[in-house]
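The structure appears right after this line, and notes come after that.
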Amino acid sequence: METLIINKVSKQFTGHRALHQVSIAVPKGSIFGLLGPNGAGKTTLIRIVNRITAPDEGEILLNGKAISQEDVLRIGYLPEERGLYKKMKVGEQALYLAQLKGLSKAEAIIRLKFWFKKFEIDGWWNKKVEELSKGMQQKIQFVVTVVHQPDLLIFDEPFSGFDPINVNLLKDEILRIREQGATIIFSTHNMASVEELCDHIALINQSEKILDGRVDEIKQTYKKNLFELIYSNTGRSISSILPAKYHLISEESQNGFAKAKIQIPAGDSPNELLRLAISEVEVHGMAELLPTMNDIFISKVSEFKKSSGHEQN
Amino acid sequence: MNKIKIIILREYLTRVRKKSFIVMTILGPILMASIWVLPVILATISTDEQTVQVLDETGLFVHRFTDTKTIRFVPISMDIEKAKENLFKTGNDGLLWIPKTELSVPSSGIYYSTGQASLEVISHIKSIMKNEVESLKLEASGIDPEILRSIKSTIVLNTIKISESGDEEKSFTEISMGVGLFSGVLIYMFIFIFGSQVMRGVMEEKTNRIVEIIISSVKPFELMMGKIVGVALVGLTQFLLWIVLTLAIVTFVQFTMLDANILSGTEQIYTGQSKVLDADQLQQISEQMQSKDSINFQIIEAISSINYGVMIGAFLFFFLGGYLLYAAMFAAIGSAVDNETDSQQFMLPVTIPLILSMVMLGLIINNPSGPVAFWFSIIPFTSPIIMMLRIPFGVPHWQVALSAVLLILGFIFTTWLAAKIYRTGILMYGKKVNYAELWKWLKHN
């Protein structure tokens, strides 16, 4: 079951193409990473999902039905460009934004009090926003994004500008919200910040989707059969015992241990390498090195550049 | 719809709670009431009687100085130096010295005053001396002053406005002018003050970066209209508070400071059904009007001759219409720029019609029914100010209706246009926008 289906969406702005035939399916209960370099079209896509911008072509389905204006109440959106009224009191402002999301005043007060207490900002209800630190403002922005318990949460560059403590606080809360059944989309150009959280990703580059799927499957697809072998350093390079079909990428020693990065031929079992190693050195550990999303991202983007450059020629 | 209400409420409450709003709400009525009340107060202040000594060495004028209500003349005859010394001892207010000269008809004098010489006294003395000198000169040239007196005539020209139903009402051109100018300028100020409040509100939302959070819940058009309506309600609140407070102050002053005599004169003068007035009646009316000659009295009479119901109704309509017409454009400007400095280049073309109306005020007030006045009061961009200026003079109903309809169409048009710019503009950060860019937004949406 997909919470959100984006079907062949295109958007043209005067002078540039923002999205071209982008299709993405976001499974229910997933944490979905919408990845891509700056200017790829992520924010435009998110604005289309939020019905801020209308697509030129294509359709958006939320819970299986074409999205309507009423559905924005079931989405929580933390935009990349976010802020609050500086002169307005914190509580009043949170109440205002919660009511705009369809909560009744009484219900909004109860829920906001709960969140304010949870984030230890309940003493700030009657303070003006300009008196607050940036971290506190971010907490409030987060609260008003989730207070109406949306089915779908969209965070655009969520951790930019957050301090590490708040980042962890937010990650914990986001995971908890997911456990309660919500679907979460992260949009970011900073792969490392969301890699540990996401189970699905889509990669957008120059207005086109160039890759999507489950994170573990993508990593399997793009793995290069790299293994890291850790063994007691005897001062002898491991290259002398490796057969020619193995390719030693790097070797380094540290505190009496040696670490070697070895690429084995596709289709070979890592057991073979391990057997060989055990017979020659004292092995402390061996692990497969899967590519990081960042590696895949960079290689896909440069591959895309080459192919599109080729097309032009 | 419910969300628009929430937005209107926020826009309204955050503004009426501001100190500047409260200060303006209190200062306005005090100013307006003082315009209204001051002449009345002045009229009730009884001027003290002044005593003036007359030392007429020529002997030609002294018998002409007869006492008036406020000035008592005391003839004296002594040396001028001594008289000057004496002046303070007697406690009198002034000393008029007409020295003897070689001229057959002296025409100069000196007025010594213990305090600041009162204008009333001086002009009275001058007119008496002038009359005497003139008749002396006439006599000298052999003309009988009696003949002259029979020639001298006063013209009484009363202006009476006839309405279609045949009622006649004394009209007060000066007062119509004053009221027209006042309401025209007030509309101009209201449009400017509240229009730029809308613009600043939009800019605030854009620079604070809250706008995207809000329009993920409501449509940009709802946010824009919510803001425009909210600010309009602030303007109406201010206006109504001004009227209520002004009336309260005026009523208070009338009750505490005025005696019944002056109030009784404030009734309007109607001459009844239209009929040919015979000479006697005309004479009677003229005298009636003449008898109420005091300037203060005329002001009171004229002020009460204004139809306040119509004026306030028209003001509310043309303020709202004009404001709505401009507010949407101000909102569009606010959405297109990142700061107030950048807004200047777009403000200019929007405010030109407003400023033009202000420039034309002087011309139009002299001919409130002329073609310039007509066109300016029909075209929506200038009509709120100019129609308001014309209404106290009386405007044919069809013109008011045409102007009103065009104003409503005008604001629907500008709002529709502005909304296109607005919904693109609010999401454009850090981009210098020019007219070509605005045109693209208009075309593309």
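How things are named: the first chain in the structure tokens is A, the next is B, and so on; residues count from 1 in each chain; ligands count from 1 in the order shown.
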Within 7 Å of chain B, which residues of chain A show up when using only C-alpha atoms, listed as a ChimeraX atom specification? /A:50,52,72-73,77-79,81-85,100-101
To test your reading of the structure, identify every residue in range 143-256 of chain A that backbone DSSP assigns to strand (DSSP E or B), and report it as an MDAnalysis selection string. chainID A and resid 152:156 183:188 200:205 208:214 226:232 247:254
How would the residues just chosen look if you wrote them out with N, CA and C atoms as a JSON list (two decimals), in the first residue's frame?
```
[["chain", "number", "residue", "atom", "x", "y", "z"],
["A", 152, "LEU", "N", 1.02, 11.95, 6.33],
["A", 152, "LEU", "CA", 2.25, 12.09, 5.56],
["A", 152, "LEU", "C", 3.01, 13.32, 6.07],
["A", 153, "LEU", "N", 4.28, 13.10, 6.40],
["A", 153, "LEU", "CA", 5.11, 14.20, 6.88],
["A", 153, "LEU", "C", 6.22, 14.46, 5.87],
["A", 154, "ILE", "N", 6.38, 15.70, 5.48],
["A", 154, "ILE", "CA", 7.41, 16.03, 4.51],
["A", 154, "ILE", "C", 8.37, 17.03, 5.13],
["A", 155, "PHE", "N", 9.62, 16.65, 5.19],
["A", 155, "PHE", "CA", 10.64, 17.54, 5.74],
["A", 155, "PHE", "C", 11.61, 17.92, 4.64],
["A", 156, "ASP", "N", 11.68, 19.22, 4.35],
["A", 156, "ASP", "CA", 12.60, 19.68, 3.31],
["A", 156, "ASP", "C", 13.86, 20.20, 3.99],
["A", 183, "THR", "N", 3.77, 8.19, 7.39],
["A", 183, "THR", "CA", 4.79, 8.03, 6.36],
["A", 183, "THR", "C", 5.62, 9.31, 6.31],
["A", 184, "ILE", "N", 6.92, 9.14, 6.13],
["A", 184, "ILE", "CA", 7.79, 10.31, 6.23],
["A", 184, "ILE", "C", 8.65, 10.46, 4.99],
["A", 185, "ILE", "N", 8.70, 11.70, 4.48],
["A", 185, "ILE", "CA", 9.57, 11.98, 3.33],
["A", 185, "ILE", "C", 10.62, 13.00, 3.77],
["A", 186, "PHE", "N", 11.87, 12.65, 3.55],
["A", 186, "PHE", "CA", 12.94, 13.61, 3.76],
["A", 186, "PHE", "C", 13.43, 14.07, 2.39],
["A", 187, "SER", "N", 13.57, 15.37, 2.24],
["A", 187, "SER", "CA", 14.16, 15.87, 1.01],
["A", 187, "SER", "C", 15.47, 16.53, 1.39],
["A", 188, "THR", "N", 16.54, 16.11, 0.77],
["A", 188, "THR", "CA", 17.82, 16.69, 1.15],
["A", 188, "THR", "C", 18.88, 16.46, 0.07],
["A", 200, "HIS", "N", 13.69, 3.85, 1.98],
["A", 200, "HIS", "CA", 13.50, 3.99, 0.54],
["A", 200, "HIS", "C", 14.09, 5.32, 0.10],
["A", 201, "ILE", "N", 14.53, 5.36, -1.13],
["A", 201, "ILE", "CA", 15.01, 6.65, -1.65],
["A", 201, "ILE", "C", 14.59, 6.80, -3.11],
["A", 202, "ALA", "N", 14.59, 8.08, -3.52],
["A", 202, "ALA", "CA", 14.51, 8.38, -4.95],
["A", 202, "ALA", "C", 15.55, 9.45, -5.21],
["A", 203, "LEU", "N", 16.23, 9.31, -6.32],
["A", 203, "LEU", "CA", 17.30, 10.25, -6.64],
["A", 203, "LEU", "C", 16.85, 11.10, -7.82],
["A", 204, "ILE", "N", 16.87, 12.39, -7.62],
["A", 204, "ILE", "CA", 16.44, 13.30, -8.68],
["A", 204, "ILE", "C", 17.63, 14.13, -9.11],
["A", 205, "ASN", "N", 17.83, 14.22, -10.41],
["A", 205, "ASN", "CA", 18.91, 15.06, -10.91],
["A", 205, "ASN", "C", 18.43, 15.77, -12.17],
["A", 208, "GLU", "N", 14.96, 15.13, -13.47],
["A", 208, "GLU", "CA", 14.50, 13.77, -13.76],
["A", 208, "GLU", "C", 14.85, 12.83, -12.62],
["A", 209, "LYS", "N", 14.00, 11.83, -12.43],
["A", 209, "LYS", "CA", 14.34, 10.80, -11.45],
["A", 209, "LYS", "C", 15.31, 9.83, -12.12],
["A", 210, "ILE", "N", 16.45, 9.61, -11.46],
["A", 210, "ILE", "CA", 17.40, 8.72, -12.11],
["A", 210, "ILE", "C", 17.56, 7.40, -11.36],
["A", 211, "LEU", "N", 16.98, 7.30, -10.16],
["A", 211, "LEU", "CA", 17.13, 6.07, -9.40],
["A", 211, "LEU", "C", 16.10, 6.06, -8.28],
["A", 212, "ASP", "N", 15.47, 4.93, -8.02],
["A", 212, "ASP", "CA", 14.68, 4.82, -6.79],
["A", 212, "ASP", "C", 14.55, 3.37, -6.37],
["A", 213, "GLY", "N", 14.13, 3.17, -5.14],
["A", 213, "GLY", "CA", 13.95, 1.81, -4.65],
["A", 213, "GLY", "C", 14.29, 1.70, -3.17],
["A", 214, "ARG", "N", 14.31, 0.45, -2.69],
["A", 214, "ARG", "CA", 14.69, 0.21, -1.29],
["A", 214, "ARG", "C", 16.18, 0.44, -1.13],
["A", 226, "LEU", "N", 33.42, -5.21, -2.30],
["A", 226, "LEU", "CA", 34.56, -4.76, -1.51],
["A", 226, "LEU", "C", 34.46, -5.36, -0.11],
["A", 227, "PHE", "N", 35.61, -5.85, 0.36],
["A", 227, "PHE", "CA", 35.63, -6.38, 1.72],
["A", 227, "PHE", "C", 36.76, -5.75, 2.49],
["A", 228, "GLU", "N", 36.52, -5.59, 3.78],
["A", 228, "GLU", "CA", 37.58, -5.07, 4.64],
["A", 228, "GLU", "C", 38.05, -6.21, 5.53],
["A", 229, "LEU", "N", 39.33, -6.45, 5.50],
["A", 229, "LEU", "CA", 39.91, -7.54, 6.28],
["A", 229, "LEU", "C", 40.80, -6.94, 7.35],
["A", 230, "ILE", "N", 40.57, -7.35, 8.61],
["A", 230, "ILE", "CA", 41.40, -6.84, 9.70],
["A", 230, "ILE", "C", 42.19, -8.02, 10.28],
["A", 231, "TYR", "N", 43.48, -7.84, 10.39],
["A", 231, "TYR", "CA", 44.31, -8.95, 10.89],
["A", 231, "TYR", "C", 45.52, -8.40, 11.63],
["A", 232, "SER", "N", 46.20, -9.27, 12.38],
["A", 232, "SER", "CA", 47.39, -8.86, 13.12],
["A", 232, "SER", "C", 48.49, -8.50, 12.16],
["A", 247, "HIS", "N", 41.82, -7.97, -5.93],
["A", 247, "HIS", "CA", 42.40, -6.66, -6.21],
["A", 247, "HIS", "C", 42.51, -5.90, -4.89],
["A", 248, "LEU", "N", 43.73, -5.62, -4.49],
["A", 248, "LEU", "CA", 43.95, -4.90, -3.24],
["A", 248, "LEU", "C", 43.81, -3.40, -3.49],
["A", 249, "ILE", "N", 42.80, -2.81, -2.85],
["A", 249, "ILE", "CA", 42.55, -1.37, -3.05],
["A", 249, "ILE", "C", 43.46, -0.55, -2.16],
["A", 250, "SER", "N", 43.49, -0.92, -0.88],
["A", 250, "SER", "CA", 44.33, -0.15, 0.03],
["A", 250, "SER", "C", 44.72, -1.03, 1.21],
["A", 251, "GLU", "N", 45.74, -0.60, 1.90],
["A", 251, "GLU", "CA", 46.22, -1.35, 3.05],
["A", 251, "GLU", "C", 46.79, -0.33, 4.02],
["A", 252, "GLU", "N", 46.40, -0.47, 5.28],
["A", 252, "GLU", "CA", 46.96, 0.47, 6.27],
["A", 252, "GLU", "C", 47.07, -0.26, 7.59],
["A", 253, "SER", "N", 48.03, 0.21, 8.41],
["A", 253, "SER", "CA", 48.16, -0.45, 9.72],
["A", 253, "SER", "C", 47.95, 0.57, 10.82],
["A", 254, "GLN", "N", 47.46, 0.00, 11.94],
["A", 254, "GLN", "CA", 47.05, 0.88, 13.03],
["A", 254, "GLN", "C", 47.10, 0.07, 14.31]]
```
Using only C-alpha atoms, determine which residues lie at most 8 Å from range 408-422 of chain B, disregarding the query and same-chain residues fewer than 5 positions distant; provide the list as a list in words.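 Near neighbours after the sequence-gap exclusion: Pro220, Phe221, Met224, Gly321, Gly322, Leu324, Leu325, Tyr326, Ala328, Met329, Ala331, Ala332, Ile333, Ser335, Ala336, Pro380, Phe381, Leu438, Trp441, Leu442 and Asn445 of chain B.
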Could you write out that same residue set with N, CA and C atoms as a PDB file, in the first residue's frame?
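selection-v6.pdb, freshly written:
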```pdb
ATOM      1  N   PRO B 220      -2.855  30.471  -1.395  1.00  0.00           N
ATOM      2  CA  PRO B 220      -2.288  31.820  -1.335  1.00  0.00           C
ATOM      3  C   PRO B 220      -3.361  32.904  -1.434  1.00  0.00           C
ATOM      4  N   PHE B 221      -4.377  32.673  -2.261  1.00  0.00           N
ATOM      5  CA  PHE B 221      -5.419  33.682  -2.414  1.00  0.00           C
ATOM      6  C   PHE B 221      -6.170  33.903  -1.107  1.00  0.00           C
ATOM      7  N   MET B 224      -4.012  36.027   1.093  1.00  0.00           N
ATOM      8  CA  MET B 224      -3.993  37.417   0.647  1.00  0.00           C
ATOM      9  C   MET B 224      -5.308  38.108   1.001  1.00  0.00           C
ATOM     10  N   GLY B 321     -14.083  50.577  -1.135  1.00  0.00           N
ATOM     11  CA  GLY B 321     -13.848  50.306  -2.549  1.00  0.00           C
ATOM     12  C   GLY B 321     -12.440  50.690  -2.956  1.00  0.00           C
ATOM     13  N   GLY B 322     -12.046  51.906  -2.591  1.00  0.00           N
ATOM     14  CA  GLY B 322     -10.718  52.389  -2.958  1.00  0.00           C
ATOM     15  C   GLY B 322      -9.638  51.556  -2.298  1.00  0.00           C
ATOM     16  N   LEU B 324      -9.840  48.405  -1.245  1.00  0.00           N
ATOM     17  CA  LEU B 324      -9.763  47.065  -1.826  1.00  0.00           C
ATOM     18  C   LEU B 324      -9.067  47.108  -3.181  1.00  0.00           C
ATOM     19  N   LEU B 325      -9.359  48.177  -3.949  1.00  0.00           N
ATOM     20  CA  LEU B 325      -8.735  48.324  -5.260  1.00  0.00           C
ATOM     21  C   LEU B 325      -7.215  48.392  -5.127  1.00  0.00           C
ATOM     22  N   TYR B 326      -6.767  49.169  -4.163  1.00  0.00           N
ATOM     23  CA  TYR B 326      -5.325  49.384  -4.040  1.00  0.00           C
ATOM     24  C   TYR B 326      -4.648  48.305  -3.192  1.00  0.00           C
ATOM     25  N   ALA B 328      -4.950  45.129  -2.955  1.00  0.00           N
ATOM     26  CA  ALA B 328      -4.493  43.945  -3.678  1.00  0.00           C
ATOM     27  C   ALA B 328      -3.195  44.263  -4.413  1.00  0.00           C
ATOM     28  N   MET B 329      -3.128  45.474  -4.982  1.00  0.00           N
ATOM     29  CA  MET B 329      -1.904  45.835  -5.697  1.00  0.00           C
ATOM     30  C   MET B 329      -0.737  45.997  -4.725  1.00  0.00           C
ATOM     31  N   ALA B 331      -0.441  44.377  -1.991  1.00  0.00           N
ATOM     32  CA  ALA B 331      -0.071  43.008  -1.609  1.00  0.00           C
ATOM     33  C   ALA B 331       0.834  42.392  -2.671  1.00  0.00           C
ATOM     34  N   ALA B 332       0.498  42.650  -3.947  1.00  0.00           N
ATOM     35  CA  ALA B 332       1.318  42.104  -5.028  1.00  0.00           C
ATOM     36  C   ALA B 332       2.735  42.677  -4.959  1.00  0.00           C
ATOM     37  N   ILE B 333       2.827  43.976  -4.674  1.00  0.00           N
ATOM     38  CA  ILE B 333       4.157  44.586  -4.567  1.00  0.00           C
ATOM     39  C   ILE B 333       4.926  43.936  -3.423  1.00  0.00           C
ATOM     40  N   SER B 335       4.675  41.088  -2.240  1.00  0.00           N
ATOM     41  CA  SER B 335       5.077  39.711  -2.516  1.00  0.00           C
ATOM     42  C   SER B 335       6.276  39.647  -3.467  1.00  0.00           C
ATOM     43  N   ALA B 336       6.446  40.700  -4.271  1.00  0.00           N
ATOM     44  CA  ALA B 336       7.476  40.637  -5.302  1.00  0.00           C
ATOM     45  C   ALA B 336       8.847  41.061  -4.790  1.00  0.00           C
ATOM     46  N   PRO B 380     -12.127  54.339 -11.757  1.00  0.00           N
ATOM     47  CA  PRO B 380     -11.979  53.705 -10.440  1.00  0.00           C
ATOM     48  C   PRO B 380     -10.720  54.114  -9.661  1.00  0.00           C
ATOM     49  N   PHE B 381      -9.618  54.366 -10.372  1.00  0.00           N
ATOM     50  CA  PHE B 381      -8.384  54.600  -9.627  1.00  0.00           C
ATOM     51  C   PHE B 381      -8.383  55.946  -8.901  1.00  0.00           C
ATOM     52  N   LEU B 438       7.731  40.485 -13.620  1.00  0.00           N
ATOM     53  CA  LEU B 438       6.334  40.533 -13.183  1.00  0.00           C
ATOM     54  C   LEU B 438       5.408  40.160 -14.340  1.00  0.00           C
ATOM     55  N   TRP B 441       5.239  36.517 -14.794  1.00  0.00           N
ATOM     56  CA  TRP B 441       4.393  35.859 -13.790  1.00  0.00           C
ATOM     57  C   TRP B 441       2.930  35.986 -14.174  1.00  0.00           C
ATOM     58  N   LEU B 442       2.580  37.206 -14.656  1.00  0.00           N
ATOM     59  CA  LEU B 442       1.189  37.449 -15.032  1.00  0.00           C
ATOM     60  C   LEU B 442       0.779  36.542 -16.180  1.00  0.00           C
ATOM     61  N   ASN B 445       0.716  32.559 -15.281  1.00  0.00           N
ATOM     62  CA  ASN B 445      -0.310  32.008 -14.405  1.00  0.00           C
ATOM     63  C   ASN B 445      -1.668  31.988 -15.081  1.00  0.00           C
TER      64      ASN B 445
END
```
Taking 5 positions as the minimum chain separation for residues in the same chain, which residues sit within 9 Å of Phe192 in chain B when counting only C-alpha atoms? Answer as a VMD selection string. chain B and resid 187 197 323 326 to 327 351 354
Include N, CA and C atoms and write out the residues we just selected as a short mmCIF file (atom, residue, chain, number, x, y, z; two decimals), in the first residue's frame.
```cif
data_model
loop_
_atom_site.label_atom_id
_atom_site.label_comp_id
_atom_site.auth_asym_id
_atom_site.auth_seq_id
_atom_site.Cartn_x
_atom_site.Cartn_y
_atom_site.Cartn_z
N ILE B 187 -9.76 59.89 2.84
CA ILE B 187 -9.76 58.65 2.04
C ILE B 187 -8.36 58.36 1.53
N GLN B 197 -0.02 49.02 5.01
CA GLN B 197 -0.01 47.98 6.06
C GLN B 197 -0.12 46.59 5.44
N TYR B 323 -9.86 51.24 -1.03
CA TYR B 323 -8.88 50.44 -0.31
C TYR B 323 -8.72 49.06 -0.96
N TYR B 326 -6.77 49.17 -4.16
CA TYR B 326 -5.33 49.38 -4.04
C TYR B 326 -4.65 48.30 -3.19
N ALA B 327 -5.35 47.79 -2.18
CA ALA B 327 -4.72 46.85 -1.25
C ALA B 327 -4.17 45.63 -1.98
N THR B 351 0.89 54.40 -7.01
CA THR B 351 0.43 55.56 -6.26
C THR B 351 0.19 56.79 -7.13
N LEU B 354 -3.32 58.03 -7.18
CA LEU B 354 -3.67 58.60 -5.88
C LEU B 354 -3.13 60.01 -5.75
#
```
Residues near Ile121 in chain A, cut-off 12 Å, only C-alpha atoms, skip fewer than 4 positions along chain, as a PyMOL selection string: chain A and resi 90-91+112-117+125-127+132-133+135-140+143
Let me see the file: selected residues, C-alpha atoms, as a short mmCIF file (atom, residue, chain, number, x, y, z; two decimals), in the first residue's frame.
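Written out: selection17.cif:
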```cif
data_model
loop_
_atom_site.label_atom_id
_atom_site.label_comp_id
_atom_site.auth_asym_id
_atom_site.auth_seq_id
_atom_site.Cartn_x
_atom_site.Cartn_y
_atom_site.Cartn_z
CA VAL A 90 4.80 31.71 20.68
CA GLY A 91 1.64 30.06 21.97
CA LEU A 112 0.32 21.97 21.81
CA LYS A 113 0.62 21.94 25.60
CA PHE A 114 1.61 18.28 25.35
CA TRP A 115 4.30 18.96 22.75
CA PHE A 116 5.57 22.08 24.50
CA LYS A 117 6.00 20.06 27.66
CA TRP A 125 4.10 30.11 25.63
CA ASN A 126 3.68 33.83 26.23
CA LYS A 127 7.09 34.94 24.98
CA LEU A 132 13.70 32.78 21.48
CA SER A 133 16.94 31.12 20.49
CA GLY A 135 17.02 26.08 18.46
CA MET A 136 13.77 26.83 20.26
CA GLN A 137 12.23 28.33 17.16
CA GLN A 138 13.12 25.14 15.31
CA LYS A 139 11.42 23.07 17.98
CA ILE A 140 8.29 25.15 17.57
CA VAL A 143 5.75 21.00 16.68
#
```
Which residues, written as number ranges by chain, have at least one atom at most 12 Å from range 239-241 of chain A, with only C-alpha atoms counted and residues fewer than 2 positions away on the same chain left out? A: 235-237, 243-251, 260-262, 273, 276-281
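Using only C-alpha atoms, the smallest distance between any of A:Ile75, A:Leu197, A:Ile109, A:Ala25 and Val146 in chain A comes from A:Ile75.
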